[in-house]
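Trainee: Quick one: the structure is below, and I'll ask about it shortly.
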Amino acid sequence: MSDATDRAAAPTSGSADGGAALRYDAAPRRRDAILERLRASGHVSVSEVSQALGVSEMTVRRDLRRLVETGDASLVHGGASLPAGSHGRPVFGVRALVNAEAKRRIGAAAAAMVAADDTVGIDAGTTALEVAHALPETFSGCVVTHSAPALAVMLARKAARVIAIGGELSHDNQAMIGPSAAHFVRNLRLRLLVLGVASIDVRGVYVRSELELSVKQALLDVAEDVVLVCDASKEGGPGTVRVCTLDRIDTVVTDAPMSEGLTRRLHAAGTRIVVAR
């Protein structure tokens, strides 16, 4: 479909898409906006883009197909991701801005599950970091983490004990990774683990790189309860390396209901679902 045809198909001010669509009535402008979001987060959902740009989901799907044709995106369930091998992976600070309000709600809901004297592991990732932010200043338990930003947050929690997991620094995730970090974790015990991942589907939860795997699995091995924190856009996202199956997750804290199929699988695995409002 040509750009001219795309422009003809774009909504007008009287359409159901609303006045916001006027800013993105030309297909090239829409696709530029979608690419900007892709490069910031690595993944976009059709519904998220539709709401942000004020256009129909059908229009978004058409734009995503064109981005796939030009090699700028890969289609995934419910949206698109950066193509494999892309060098445009966002830095941690940029990822933190994506769905920021949803992540704050998720973080607050997960932090409410942490008892005042708990030993809690906080995984790397922007959503898990929000749990550290949401812990009360009176928290007197112990935080174990390999996340450099979470360690910085805990500097303000004077009553808490903090154990830092050492290893090689991953600049992408601002976290310590590698065999030495995983070995250190194996000597610990966690009452609760806050787990962050890149994506989730009916087969389990995933990360983007195998480099992240050893520490996450070591944390899972020493945790009594596992709380997965992920916004709903992570369903079918770009993660390719499986961390664990759904039956290892005790609770999923998210910002919106997930698909019927995934919800059914989570319930069958005995996993509780909490939607943070």
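Just remember, in the structure tokens the first chain shown is A, the second B, etc., residues are 1-based per chain, and ligands are 1-based in the order shown.
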Tell me, as a PyMOL selection string, which residues lie within 7 Å of Ser45 of chain A, counting only C-alpha atoms; anything in the same chain fewer than 6 positions away does not count.
Mentor: chain A and resi 78-80+233
Trainee: Could you save the residues just selected, with N, CA and C atoms, as an mmCIF file, in the first residue's frame?
Mentor:
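The result, stored in again.cif:
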data_model
loop_
_atom_site.group_PDB
_atom_site.id
_atom_site.type_symbol
_atom_site.label_atom_id
_atom_site.label_comp_id
_atom_site.auth_asym_id
_atom_site.auth_seq_id
_atom_site.Cartn_x
_atom_site.Cartn_y
_atom_site.Cartn_z
ATOM 1 N N GLY A 78 0.484 -9.252 19.232
ATOM 2 C CA GLY A 78 -0.081 -8.018 19.761
ATOM 3 C C GLY A 78 0.684 -6.757 19.449
ATOM 4 N N GLY A 79 1.772 -6.851 18.664
ATOM 5 C CA GLY A 79 2.546 -5.641 18.395
ATOM 6 C C GLY A 79 3.774 -5.919 17.563
ATOM 7 N N ALA A 80 4.855 -5.237 17.887
ATOM 8 C CA ALA A 80 6.101 -5.384 17.140
ATOM 9 C C ALA A 80 7.285 -5.154 18.060
ATOM 10 N N SER A 233 2.057 -5.118 28.409
ATOM 11 C CA SER A 233 2.686 -5.086 27.080
ATOM 12 C C SER A 233 3.771 -6.150 26.945
#
Trainee: Within 10 Å of Leu192 of chain A, counting only C-alpha atoms, which residues show up once you throw out same-chain ones fewer than 3 positions away? Write them as a list in words, please.
Mentor: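 In the requested form, the answer reads Met113, Val114, Ala115, Asp118, Thr119, Val120, Gly121, Ile122, Val143, Arg189, Leu195, Leu219, Leu220, Val222, Ala223, Glu224, Asp225, Val226, Val227 and Asp250 of chain A.
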Trainee: Leaving out segment 243-248 of chain A and any residue of its chain fewer than 2 positions from it, which residues lie within 8 Å of it when counting only C-alpha atoms, given as a PyMOL selection string?
Mentor: chain A and resi 202-207+213+216-217+226+241+250+265-266+269-271
Trainee: Generate the output file for the selected residues, all heavy atoms, as a compact mmCIF listing (two decimals), in the first residue's frame.
Mentor:
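Output file part-v7.txt follows:
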# COMPACT_ATOMS: atom_id res chain seq x y z
N VAL A 202 2.46 -18.33 27.26
CA VAL A 202 1.91 -19.51 27.92
C VAL A 202 2.97 -20.54 28.28
O VAL A 202 2.73 -21.44 29.10
CB VAL A 202 0.82 -20.17 27.05
CG1 VAL A 202 -0.37 -19.24 26.87
CG2 VAL A 202 1.38 -20.59 25.69
N ARG A 203 4.18 -20.44 27.69
CA ARG A 203 5.24 -21.40 27.98
C ARG A 203 6.15 -20.96 29.12
O ARG A 203 6.93 -21.76 29.62
CB ARG A 203 6.08 -21.65 26.73
CG ARG A 203 5.30 -22.30 25.59
CD ARG A 203 6.17 -22.50 24.36
NE ARG A 203 7.31 -23.35 24.65
CZ ARG A 203 8.58 -22.96 24.55
NH1 ARG A 203 8.87 -21.72 24.19
NH2 ARG A 203 9.56 -23.79 24.81
N GLY A 204 6.10 -19.69 29.51
CA GLY A 204 6.95 -19.23 30.59
C GLY A 204 7.31 -17.76 30.47
O GLY A 204 6.61 -16.99 29.79
N VAL A 205 8.41 -17.39 31.13
CA VAL A 205 8.87 -16.00 31.11
C VAL A 205 10.28 -15.96 30.52
O VAL A 205 11.06 -16.91 30.67
CB VAL A 205 8.83 -15.35 32.50
CG1 VAL A 205 7.40 -15.27 33.02
CG2 VAL A 205 9.71 -16.10 33.50
N TYR A 206 10.62 -14.84 29.87
CA TYR A 206 11.82 -14.78 29.04
C TYR A 206 12.62 -13.51 29.28
O TYR A 206 12.08 -12.48 29.71
CB TYR A 206 11.43 -14.82 27.55
CG TYR A 206 10.63 -16.02 27.16
CD1 TYR A 206 9.26 -16.07 27.40
CD2 TYR A 206 11.22 -17.11 26.55
CE1 TYR A 206 8.50 -17.18 27.04
CE2 TYR A 206 10.47 -18.23 26.17
CZ TYR A 206 9.11 -18.25 26.44
OH TYR A 206 8.37 -19.35 26.09
N VAL A 207 13.92 -13.58 28.96
CA VAL A 207 14.78 -12.41 28.91
C VAL A 207 15.36 -12.31 27.50
O VAL A 207 15.24 -13.23 26.70
CB VAL A 207 15.93 -12.48 29.95
CG1 VAL A 207 15.38 -12.29 31.35
CG2 VAL A 207 16.70 -13.80 29.84
N LEU A 213 20.69 -14.83 32.29
CA LEU A 213 20.00 -16.02 32.75
C LEU A 213 20.53 -16.58 34.06
O LEU A 213 19.76 -16.93 34.95
CB LEU A 213 20.06 -17.09 31.66
CG LEU A 213 19.14 -18.28 31.79
CD1 LEU A 213 17.68 -17.84 31.84
CD2 LEU A 213 19.36 -19.24 30.62
N LYS A 216 19.40 -14.74 37.32
CA LYS A 216 17.96 -14.86 37.54
C LYS A 216 17.60 -16.26 38.02
O LYS A 216 16.80 -16.43 38.96
CB LYS A 216 17.19 -14.51 36.26
CG LYS A 216 17.19 -13.03 35.93
CD LYS A 216 16.38 -12.75 34.68
CE LYS A 216 16.45 -11.29 34.29
NZ LYS A 216 15.68 -10.43 35.20
N GLN A 217 18.16 -17.27 37.39
CA GLN A 217 17.84 -18.64 37.81
C GLN A 217 18.40 -18.96 39.18
O GLN A 217 17.78 -19.70 39.95
CB GLN A 217 18.33 -19.62 36.75
CG GLN A 217 17.53 -19.53 35.45
CD GLN A 217 17.87 -20.60 34.45
OE1 GLN A 217 18.99 -21.11 34.43
NE2 GLN A 217 16.93 -20.95 33.60
N VAL A 226 7.92 -16.24 44.60
CA VAL A 226 8.37 -15.45 43.46
C VAL A 226 7.23 -14.56 42.98
O VAL A 226 6.13 -15.06 42.66
CB VAL A 226 8.85 -16.34 42.30
CG1 VAL A 226 9.26 -15.49 41.10
CG2 VAL A 226 10.00 -17.22 42.77
N VAL A 241 15.02 -15.96 25.54
CA VAL A 241 15.67 -16.96 26.39
C VAL A 241 14.77 -17.21 27.60
O VAL A 241 14.52 -16.30 28.40
CB VAL A 241 17.06 -16.47 26.86
CG1 VAL A 241 17.72 -17.53 27.74
CG2 VAL A 241 17.93 -16.13 25.67
N ASP A 250 4.71 -17.52 41.68
CA ASP A 250 3.61 -17.56 42.64
C ASP A 250 2.58 -16.46 42.37
O ASP A 250 1.38 -16.69 42.51
CB ASP A 250 4.15 -17.42 44.06
CG ASP A 250 5.05 -18.59 44.44
OD1 ASP A 250 4.52 -19.69 44.64
OD2 ASP A 250 6.28 -18.40 44.52
N ARG A 265 -3.76 -20.22 31.57
CA ARG A 265 -2.54 -21.00 31.85
C ARG A 265 -1.96 -20.63 33.22
O ARG A 265 -1.47 -21.49 33.96
CB ARG A 265 -1.50 -20.75 30.76
CG ARG A 265 -1.81 -21.44 29.45
CD ARG A 265 -1.73 -22.97 29.57
NE ARG A 265 -1.87 -23.60 28.27
CZ ARG A 265 -0.87 -23.97 27.51
NH1 ARG A 265 0.38 -23.78 27.90
NH2 ARG A 265 -1.08 -24.54 26.34
N LEU A 266 -1.97 -19.35 33.54
CA LEU A 266 -1.45 -18.90 34.84
C LEU A 266 -2.27 -19.51 35.98
O LEU A 266 -1.72 -20.01 36.97
CB LEU A 266 -1.44 -17.38 34.93
CG LEU A 266 -0.35 -16.68 34.12
CD1 LEU A 266 -0.65 -15.19 33.99
CD2 LEU A 266 1.02 -16.88 34.77
N ALA A 269 -1.49 -23.08 36.47
CA ALA A 269 -0.19 -23.27 37.11
C ALA A 269 -0.22 -22.92 38.59
O ALA A 269 0.78 -23.07 39.29
CB ALA A 269 0.87 -22.43 36.40
N GLY A 270 -1.38 -22.45 39.07
CA GLY A 270 -1.49 -22.06 40.47
C GLY A 270 -0.95 -20.68 40.75
O GLY A 270 -0.66 -20.33 41.91
N THR A 271 -0.82 -19.86 39.72
CA THR A 271 -0.25 -18.51 39.86
C THR A 271 -1.37 -17.50 40.08
O THR A 271 -2.34 -17.46 39.33
CB THR A 271 0.54 -18.12 38.60
OG1 THR A 271 1.55 -19.10 38.37
CG2 THR A 271 1.17 -16.75 38.75
Trainee: Using DSSP on the backbone coordinates, identify the residues of segment 153-249 of chain A assigned to strand (DSSP E or B); present them as a tab-separated table (two decimals) with all heavy atoms, in the first residue's frame.
Mentor:
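Wrote it out as selection.tsv, contents follow:
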chain	number	residue	atom	x	y	z
A	161	ARG	N	18.82	-3.66	56.00
A	161	ARG	CA	20.09	-4.30	55.68
A	161	ARG	C	20.12	-4.54	54.18
A	161	ARG	O	19.11	-4.92	53.59
A	161	ARG	CB	20.21	-5.62	56.43
A	161	ARG	CG	21.53	-6.34	56.22
A	161	ARG	CD	21.51	-7.69	56.91
A	161	ARG	NE	22.76	-8.42	56.70
A	161	ARG	CZ	22.88	-9.73	56.80
A	161	ARG	NH1	21.83	-10.46	57.13
A	161	ARG	NH2	24.04	-10.31	56.61
A	162	VAL	N	21.26	-4.30	53.55
A	162	VAL	CA	21.35	-4.43	52.10
A	162	VAL	C	22.55	-5.31	51.75
A	162	VAL	O	23.66	-5.08	52.24
A	162	VAL	CB	21.51	-3.05	51.42
A	162	VAL	CG1	21.62	-3.23	49.89
A	162	VAL	CG2	20.34	-2.14	51.76
A	163	ILE	N	22.30	-6.32	50.91
A	163	ILE	CA	23.37	-7.19	50.43
A	163	ILE	C	23.49	-6.99	48.92
A	163	ILE	O	22.53	-7.22	48.18
A	163	ILE	CB	23.08	-8.66	50.75
A	163	ILE	CG1	23.04	-8.86	52.27
A	163	ILE	CG2	24.14	-9.57	50.12
A	163	ILE	CD1	22.68	-10.28	52.69
A	164	ALA	N	24.66	-6.55	48.48
A	164	ALA	CA	24.90	-6.32	47.06
A	164	ALA	C	25.53	-7.56	46.43
A	164	ALA	O	26.50	-8.10	46.96
A	164	ALA	CB	25.81	-5.11	46.87
A	168	GLU	N	30.06	-8.91	36.99
A	168	GLU	CA	30.41	-8.01	35.89
A	168	GLU	C	29.23	-7.10	35.58
A	168	GLU	O	28.08	-7.54	35.52
A	168	GLU	CB	30.76	-8.83	34.65
A	168	GLU	CG	31.16	-7.97	33.45
A	168	GLU	CD	31.55	-8.80	32.24
A	168	GLU	OE1	31.68	-10.03	32.38
A	168	GLU	OE2	31.70	-8.21	31.15
A	169	LEU	N	29.51	-5.81	35.39
A	169	LEU	CA	28.43	-4.85	35.17
A	169	LEU	C	27.88	-4.94	33.75
A	169	LEU	O	28.63	-4.84	32.77
A	169	LEU	CB	28.94	-3.43	35.42
A	169	LEU	CG	27.93	-2.30	35.16
A	169	LEU	CD1	26.75	-2.41	36.12
A	169	LEU	CD2	28.60	-0.94	35.27
A	170	SER	N	26.56	-5.11	33.64
A	170	SER	CA	25.86	-5.01	32.36
A	170	SER	C	25.35	-3.58	32.23
A	170	SER	O	24.50	-3.15	33.02
A	170	SER	CB	24.68	-5.99	32.31
A	170	SER	OG	23.79	-5.64	31.27
A	175	ALA	N	23.16	-3.75	35.96
A	175	ALA	CA	23.15	-4.81	36.97
A	175	ALA	C	24.39	-5.66	36.86
A	175	ALA	O	25.05	-5.71	35.82
A	175	ALA	CB	21.90	-5.68	36.80
A	176	MET	N	24.72	-6.34	37.95
A	176	MET	CA	25.85	-7.25	37.99
A	176	MET	C	25.41	-8.63	37.51
A	176	MET	O	24.40	-9.17	37.98
A	176	MET	CB	26.41	-7.35	39.41
A	176	MET	CG	26.83	-6.02	39.98
A	176	MET	SD	28.09	-5.19	39.00
A	176	MET	CE	28.20	-3.63	39.90
A	177	ILE	N	26.15	-9.21	36.58
A	177	ILE	CA	25.79	-10.50	36.01
A	177	ILE	C	27.02	-11.39	35.97
A	177	ILE	O	28.11	-10.99	36.40
A	177	ILE	CB	25.22	-10.34	34.59
A	177	ILE	CG1	26.26	-9.68	33.66
A	177	ILE	CG2	23.93	-9.52	34.60
A	177	ILE	CD1	25.85	-9.65	32.20
A	190	LEU	N	16.08	-16.35	50.25
A	190	LEU	CA	15.15	-15.23	50.12
A	190	LEU	C	13.75	-15.68	50.49
A	190	LEU	O	13.29	-16.74	50.04
A	190	LEU	CB	15.14	-14.70	48.68
A	190	LEU	CG	16.48	-14.29	48.07
A	190	LEU	CD1	16.28	-13.91	46.60
A	190	LEU	CD2	17.09	-13.13	48.84
A	191	ARG	N	13.06	-14.88	51.26
A	191	ARG	CA	11.65	-15.18	51.52
A	191	ARG	C	10.81	-14.85	50.29
A	191	ARG	O	9.87	-15.56	49.93
A	191	ARG	CB	11.17	-14.36	52.73
A	191	ARG	CG	9.99	-14.98	53.50
A	191	ARG	CD	8.67	-14.91	52.80
A	191	ARG	NE	8.23	-13.55	52.58
A	191	ARG	CZ	7.16	-13.23	51.89
A	191	ARG	NH1	6.42	-14.16	51.29
A	191	ARG	NH2	6.82	-11.96	51.71
A	192	LEU	N	11.20	-13.77	49.59
A	192	LEU	CA	10.45	-13.34	48.42
A	192	LEU	C	11.40	-12.80	47.37
A	192	LEU	O	12.35	-12.09	47.70
A	192	LEU	CB	9.41	-12.27	48.82
A	192	LEU	CG	8.45	-11.76	47.74
A	192	LEU	CD1	7.10	-11.41	48.38
A	192	LEU	CD2	9.02	-10.51	47.06
A	193	LEU	N	11.16	-13.13	46.12
A	193	LEU	CA	11.93	-12.58	45.01
A	193	LEU	C	11.02	-11.77	44.11
A	193	LEU	O	9.97	-12.25	43.67
A	193	LEU	CB	12.57	-13.71	44.19
A	193	LEU	CG	13.20	-13.29	42.85
A	193	LEU	CD1	14.37	-12.34	43.06
A	193	LEU	CD2	13.61	-14.51	42.03
A	194	VAL	N	11.41	-10.54	43.83
A	194	VAL	CA	10.74	-9.71	42.83
A	194	VAL	C	11.49	-9.92	41.52
A	194	VAL	O	12.64	-9.52	41.38
A	194	VAL	CB	10.76	-8.22	43.23
A	194	VAL	CG1	10.16	-7.37	42.11
A	194	VAL	CG2	10.01	-8.01	44.54
A	195	LEU	N	10.84	-10.58	40.58
A	195	LEU	CA	11.47	-10.97	39.32
A	195	LEU	C	11.03	-10.06	38.19
A	195	LEU	O	9.83	-9.80	38.02
A	195	LEU	CB	11.09	-12.42	38.99
A	195	LEU	CG	11.66	-13.02	37.71
A	195	LEU	CD1	13.17	-13.20	37.82
A	195	LEU	CD2	10.97	-14.35	37.39
A	196	GLY	N	12.00	-9.59	37.39
A	196	GLY	CA	11.69	-8.81	36.21
A	196	GLY	C	12.08	-9.58	34.96
A	196	GLY	O	13.09	-10.28	34.95
A	199	SER	N	9.59	-10.68	28.66
A	199	SER	CA	8.31	-11.08	28.08
A	199	SER	C	7.75	-12.30	28.79
A	199	SER	O	8.46	-13.00	29.53
A	199	SER	CB	8.45	-11.36	26.58
A	199	SER	OG	9.28	-12.49	26.37
A	200	ILE	N	6.47	-12.54	28.52
A	200	ILE	CA	5.77	-13.69	29.11
A	200	ILE	C	4.81	-14.25	28.06
A	200	ILE	O	4.22	-13.50	27.28
A	200	ILE	CB	5.00	-13.27	30.39
A	200	ILE	CG1	4.26	-14.46	31.00
A	200	ILE	CG2	4.04	-12.12	30.11
A	200	ILE	CD1	3.64	-14.16	32.36
A	201	ASP	N	4.70	-15.59	28.02
A	201	ASP	CA	3.68	-16.23	27.21
A	201	ASP	C	3.24	-17.51	27.91
A	201	ASP	O	3.62	-17.75	29.08
A	201	ASP	CB	4.16	-16.48	25.77
A	201	ASP	CG	5.29	-17.51	25.67
A	201	ASP	OD1	5.55	-18.24	26.65
A	201	ASP	OD2	5.93	-17.58	24.61
A	204	GLY	N	6.10	-19.69	29.51
A	204	GLY	CA	6.95	-19.23	30.59
A	204	GLY	C	7.31	-17.76	30.47
A	204	GLY	O	6.61	-16.99	29.79
A	205	VAL	N	8.41	-17.39	31.13
A	205	VAL	CA	8.87	-16.00	31.11
A	205	VAL	C	10.28	-15.96	30.52
A	205	VAL	O	11.06	-16.91	30.67
A	205	VAL	CB	8.83	-15.35	32.50
A	205	VAL	CG1	7.40	-15.27	33.02
A	205	VAL	CG2	9.71	-16.10	33.50
A	206	TYR	N	10.62	-14.84	29.87
A	206	TYR	CA	11.82	-14.78	29.04
A	206	TYR	C	12.62	-13.51	29.28
A	206	TYR	O	12.08	-12.48	29.71
A	206	TYR	CB	11.43	-14.82	27.55
A	206	TYR	CG	10.63	-16.02	27.16
A	206	TYR	CD1	9.26	-16.07	27.40
A	206	TYR	CD2	11.22	-17.11	26.55
A	206	TYR	CE1	8.50	-17.18	27.04
A	206	TYR	CE2	10.47	-18.23	26.17
A	206	TYR	CZ	9.11	-18.25	26.44
A	206	TYR	OH	8.37	-19.35	26.09
A	207	VAL	N	13.92	-13.58	28.96
A	207	VAL	CA	14.78	-12.41	28.91
A	207	VAL	C	15.36	-12.31	27.50
A	207	VAL	O	15.24	-13.23	26.70
A	207	VAL	CB	15.93	-12.48	29.95
A	207	VAL	CG1	15.38	-12.29	31.35
A	207	VAL	CG2	16.70	-13.80	29.84
A	223	ALA	N	14.69	-18.69	46.36
A	223	ALA	CA	13.52	-17.93	46.81
A	223	ALA	C	12.37	-18.84	47.19
A	223	ALA	O	12.09	-19.83	46.51
A	223	ALA	CB	13.07	-16.97	45.70
A	224	GLU	N	11.70	-18.51	48.29
A	224	GLU	CA	10.51	-19.25	48.69
A	224	GLU	C	9.31	-18.85	47.83
A	224	GLU	O	8.56	-19.71	47.35
A	224	GLU	CB	10.20	-18.99	50.17
A	224	GLU	CG	11.27	-19.51	51.12
A	224	GLU	CD	10.95	-19.17	52.57
A	224	GLU	OE1	9.76	-18.89	52.87
A	224	GLU	OE2	11.87	-19.16	53.40
A	225	ASP	N	9.09	-17.56	47.67
A	225	ASP	CA	7.97	-17.05	46.87
A	225	ASP	C	8.52	-16.15	45.77
A	225	ASP	O	9.46	-15.38	46.01
A	225	ASP	CB	6.99	-16.24	47.73
A	225	ASP	CG	6.26	-17.11	48.73
A	225	ASP	OD1	5.78	-18.20	48.34
A	225	ASP	OD2	6.15	-16.71	49.90
A	226	VAL	N	7.92	-16.24	44.60
A	226	VAL	CA	8.37	-15.45	43.46
A	226	VAL	C	7.23	-14.56	42.98
A	226	VAL	O	6.13	-15.06	42.66
A	226	VAL	CB	8.85	-16.34	42.30
A	226	VAL	CG1	9.26	-15.49	41.10
A	226	VAL	CG2	10.00	-17.22	42.77
A	227	VAL	N	7.48	-13.27	42.93
A	227	VAL	CA	6.52	-12.29	42.43
A	227	VAL	C	7.07	-11.71	41.13
A	227	VAL	O	8.10	-11.03	41.13
A	227	VAL	CB	6.26	-11.16	43.46
A	227	VAL	CG1	5.33	-10.11	42.86
A	227	VAL	CG2	5.67	-11.74	44.74
A	228	LEU	N	6.40	-12.01	40.04
A	228	LEU	CA	6.80	-11.46	38.74
A	228	LEU	C	6.14	-10.11	38.55
A	228	LEU	O	4.92	-9.97	38.71
A	228	LEU	CB	6.36	-12.41	37.62
A	228	LEU	CG	6.56	-11.89	36.19
A	228	LEU	CD1	8.04	-11.77	35.86
A	228	LEU	CD2	5.86	-12.80	35.20
A	229	VAL	N	6.93	-9.09	38.23
A	229	VAL	CA	6.39	-7.76	37.97
A	229	VAL	C	6.58	-7.45	36.48
A	229	VAL	O	7.68	-7.41	35.97
A	229	VAL	CB	7.07	-6.68	38.84
A	229	VAL	CG1	6.64	-6.82	40.28
A	229	VAL	CG2	8.59	-6.73	38.75
A	235	GLU	N	3.40	-9.24	27.40
A	235	GLU	CA	2.86	-10.49	26.86
A	235	GLU	C	3.26	-10.62	25.38
A	235	GLU	O	2.95	-9.75	24.57
A	235	GLU	CB	1.35	-10.56	27.00
A	235	GLU	CG	0.78	-11.86	26.48
A	235	GLU	CD	-0.71	-12.03	26.73
A	235	GLU	OE1	-1.32	-11.19	27.42
A	235	GLU	OE2	-1.27	-13.04	26.23
A	241	VAL	N	15.02	-15.96	25.54
A	241	VAL	CA	15.67	-16.96	26.39
A	241	VAL	C	14.77	-17.21	27.60
A	241	VAL	O	14.52	-16.30	28.40
A	241	VAL	CB	17.06	-16.47	26.86
A	241	VAL	CG1	17.72	-17.53	27.74
A	241	VAL	CG2	17.93	-16.13	25.67
A	242	ARG	N	14.27	-18.45	27.73
A	242	ARG	CA	13.32	-18.73	28.80
A	242	ARG	C	14.02	-18.84	30.15
A	242	ARG	O	15.03	-19.52	30.30
A	242	ARG	CB	12.55	-20.01	28.52
A	242	ARG	CG	11.42	-20.24	29.53
A	242	ARG	CD	10.40	-21.25	29.06
A	242	ARG	NE	10.97	-22.59	28.91
A	242	ARG	CZ	10.26	-23.66	28.59
A	242	ARG	NH1	8.95	-23.55	28.38
A	242	ARG	NH2	10.84	-24.83	28.48
A	243	VAL	N	13.46	-18.15	31.13
A	243	VAL	CA	13.99	-18.17	32.50
A	243	VAL	C	13.37	-19.32	33.29
A	243	VAL	O	14.07	-20.06	33.98
A	243	VAL	CB	13.69	-16.83	33.21
A	243	VAL	CG1	14.20	-16.86	34.66
A	243	VAL	CG2	14.30	-15.66	32.45
A	244	CYS	N	12.05	-19.46	33.19
A	244	CYS	CA	11.36	-20.53	33.92
A	244	CYS	C	9.96	-20.69	33.34
A	244	CYS	O	9.49	-19.84	32.57
A	244	CYS	CB	11.29	-20.22	35.42
A	244	CYS	SG	10.29	-18.77	35.83
Trainee: Env of Lys158 of chain A: 10 Å cut, atoms = only C-alpha atoms, seq-sep filter 2 positions within chain, self excluded. Answer as a list in words.
Mentor: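 Skipping anything fewer than 2 positions along the chain leaves Glu137, Thr138, Phe139, Ser140, Met154, Leu155, Ala156, Ala160, Arg161 and Val162 of chain A.
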Trainee: Take the residues that were just selected and, keeping C-alpha atoms, output them as a PDB file, in the first residue's frame.
Mentor:
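Final output, saved to again_1.pdb:
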ATOM      1  CA  GLU A 137      11.509   4.313  54.691  1.00  0.00           C
ATOM      2  CA  THR A 138      10.738   2.287  57.824  1.00  0.00           C
ATOM      3  CA  PHE A 139      11.460  -1.034  56.071  1.00  0.00           C
ATOM      4  CA  SER A 140      13.722  -2.946  58.450  1.00  0.00           C
ATOM      5  CA  MET A 154      18.365   1.639  49.282  1.00  0.00           C
ATOM      6  CA  LEU A 155      20.900   4.200  50.455  1.00  0.00           C
ATOM      7  CA  ALA A 156      17.907   6.159  51.751  1.00  0.00           C
ATOM      8  CA  ALA A 160      17.257  -1.835  56.113  1.00  0.00           C
ATOM      9  CA  ARG A 161      20.091  -4.299  55.685  1.00  0.00           C
ATOM     10  CA  VAL A 162      21.351  -4.434  52.102  1.00  0.00           C
TER      11      VAL A 162
END
Trainee: Quote the spacing between atom CA of Gly107 of chain A and atom CA of Gly261 of chain A in Å to one decimal place.
Mentor: 24.9 Å
Trainee: Using only C-alpha atoms, pick whichever of A:Ala218, A:Leu75, A:Ala112, A:Ala159 has the shortest atom-to-atom distance to Gly141 of chain A.
Mentor: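 Closest to Gly141 of chain A, using only C-alpha atoms: A:Ala159.
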Trainee: So the first atom is atom CA of Val55 of chain A and the second is atom CA of Asn99 of chain A; what is the distance between them in Å, to one decimal place?
Mentor: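 Separation of atom CA of Val55 of chain A and atom CA of Asn99 of chain A: 18.9 Å.
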Trainee: Pick out the closest residue to Ser147 of chain A from this set: A:Leu67, A:Ala109, A:Leu38, A:Val215. Count only C-alpha atoms.
Mentor: A:Val215
Trainee: Pull the helix (DSSP H, G or I) assignments for segment 79-175 of chain A out of DSSP run on the backbone, and list those residues as number ranges by chain.
Mentor: A: 92-97, 100-111, 126-134, 148-154
Trainee: Applying 12 Å and only C-alpha atoms, which residues near Glu101 of chain A remain after dropping the ones on its own chain fewer than 2 positions away? List them as a PyMOL selection string.
Mentor: chain A and resi 96-99+103-108+126-127+130+231+254-255+276-277
Trainee: Can you write out the residues you just picked, keeping C-alpha atoms, as a PDB file, in the first residue's frame?
Mentor:
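This went into out.pdb:
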ATOM      1  CA  ALA A  96      12.398   3.389  32.521  1.00  0.00           C
ATOM      2  CA  LEU A  97      10.300   6.079  30.842  1.00  0.00           C
ATOM      3  CA  VAL A  98       8.220   3.571  28.886  1.00  0.00           C
ATOM      4  CA  ASN A  99       4.892   2.835  30.637  1.00  0.00           C
ATOM      5  CA  LYS A 103       5.429   0.495  36.407  1.00  0.00           C
ATOM      6  CA  ARG A 104       4.958   2.730  39.449  1.00  0.00           C
ATOM      7  CA  ARG A 105       1.562   1.166  40.166  1.00  0.00           C
ATOM      8  CA  ILE A 106       2.992  -2.323  39.759  1.00  0.00           C
ATOM      9  CA  GLY A 107       5.911  -1.467  42.038  1.00  0.00           C
ATOM     10  CA  ALA A 108       3.622  -0.156  44.770  1.00  0.00           C
ATOM     11  CA  THR A 126      12.998  -0.970  35.414  1.00  0.00           C
ATOM     12  CA  THR A 127       9.793  -2.442  36.856  1.00  0.00           C
ATOM     13  CA  GLU A 130       9.949   0.541  41.221  1.00  0.00           C
ATOM     14  CA  ASP A 231       3.203  -4.598  32.552  1.00  0.00           C
ATOM     15  CA  THR A 254       0.636  -6.361  36.180  1.00  0.00           C
ATOM     16  CA  ASP A 255      -1.218  -3.204  35.152  1.00  0.00           C
ATOM     17  CA  ALA A 276      -2.436  -2.894  40.021  1.00  0.00           C
ATOM     18  CA  ARG A 277      -4.948  -0.063  39.751  1.00  0.00           C
TER      19      ARG A 277
END
Trainee: When distances are computed from only C-alpha atoms, which of A:His267, A:Val252, A:Pro257, A:His43 shows the smallest separation from Ala110 of chain A?
Mentor: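 Counting only C-alpha atoms, the residue closest to Ala110 of chain A is A:Val252.
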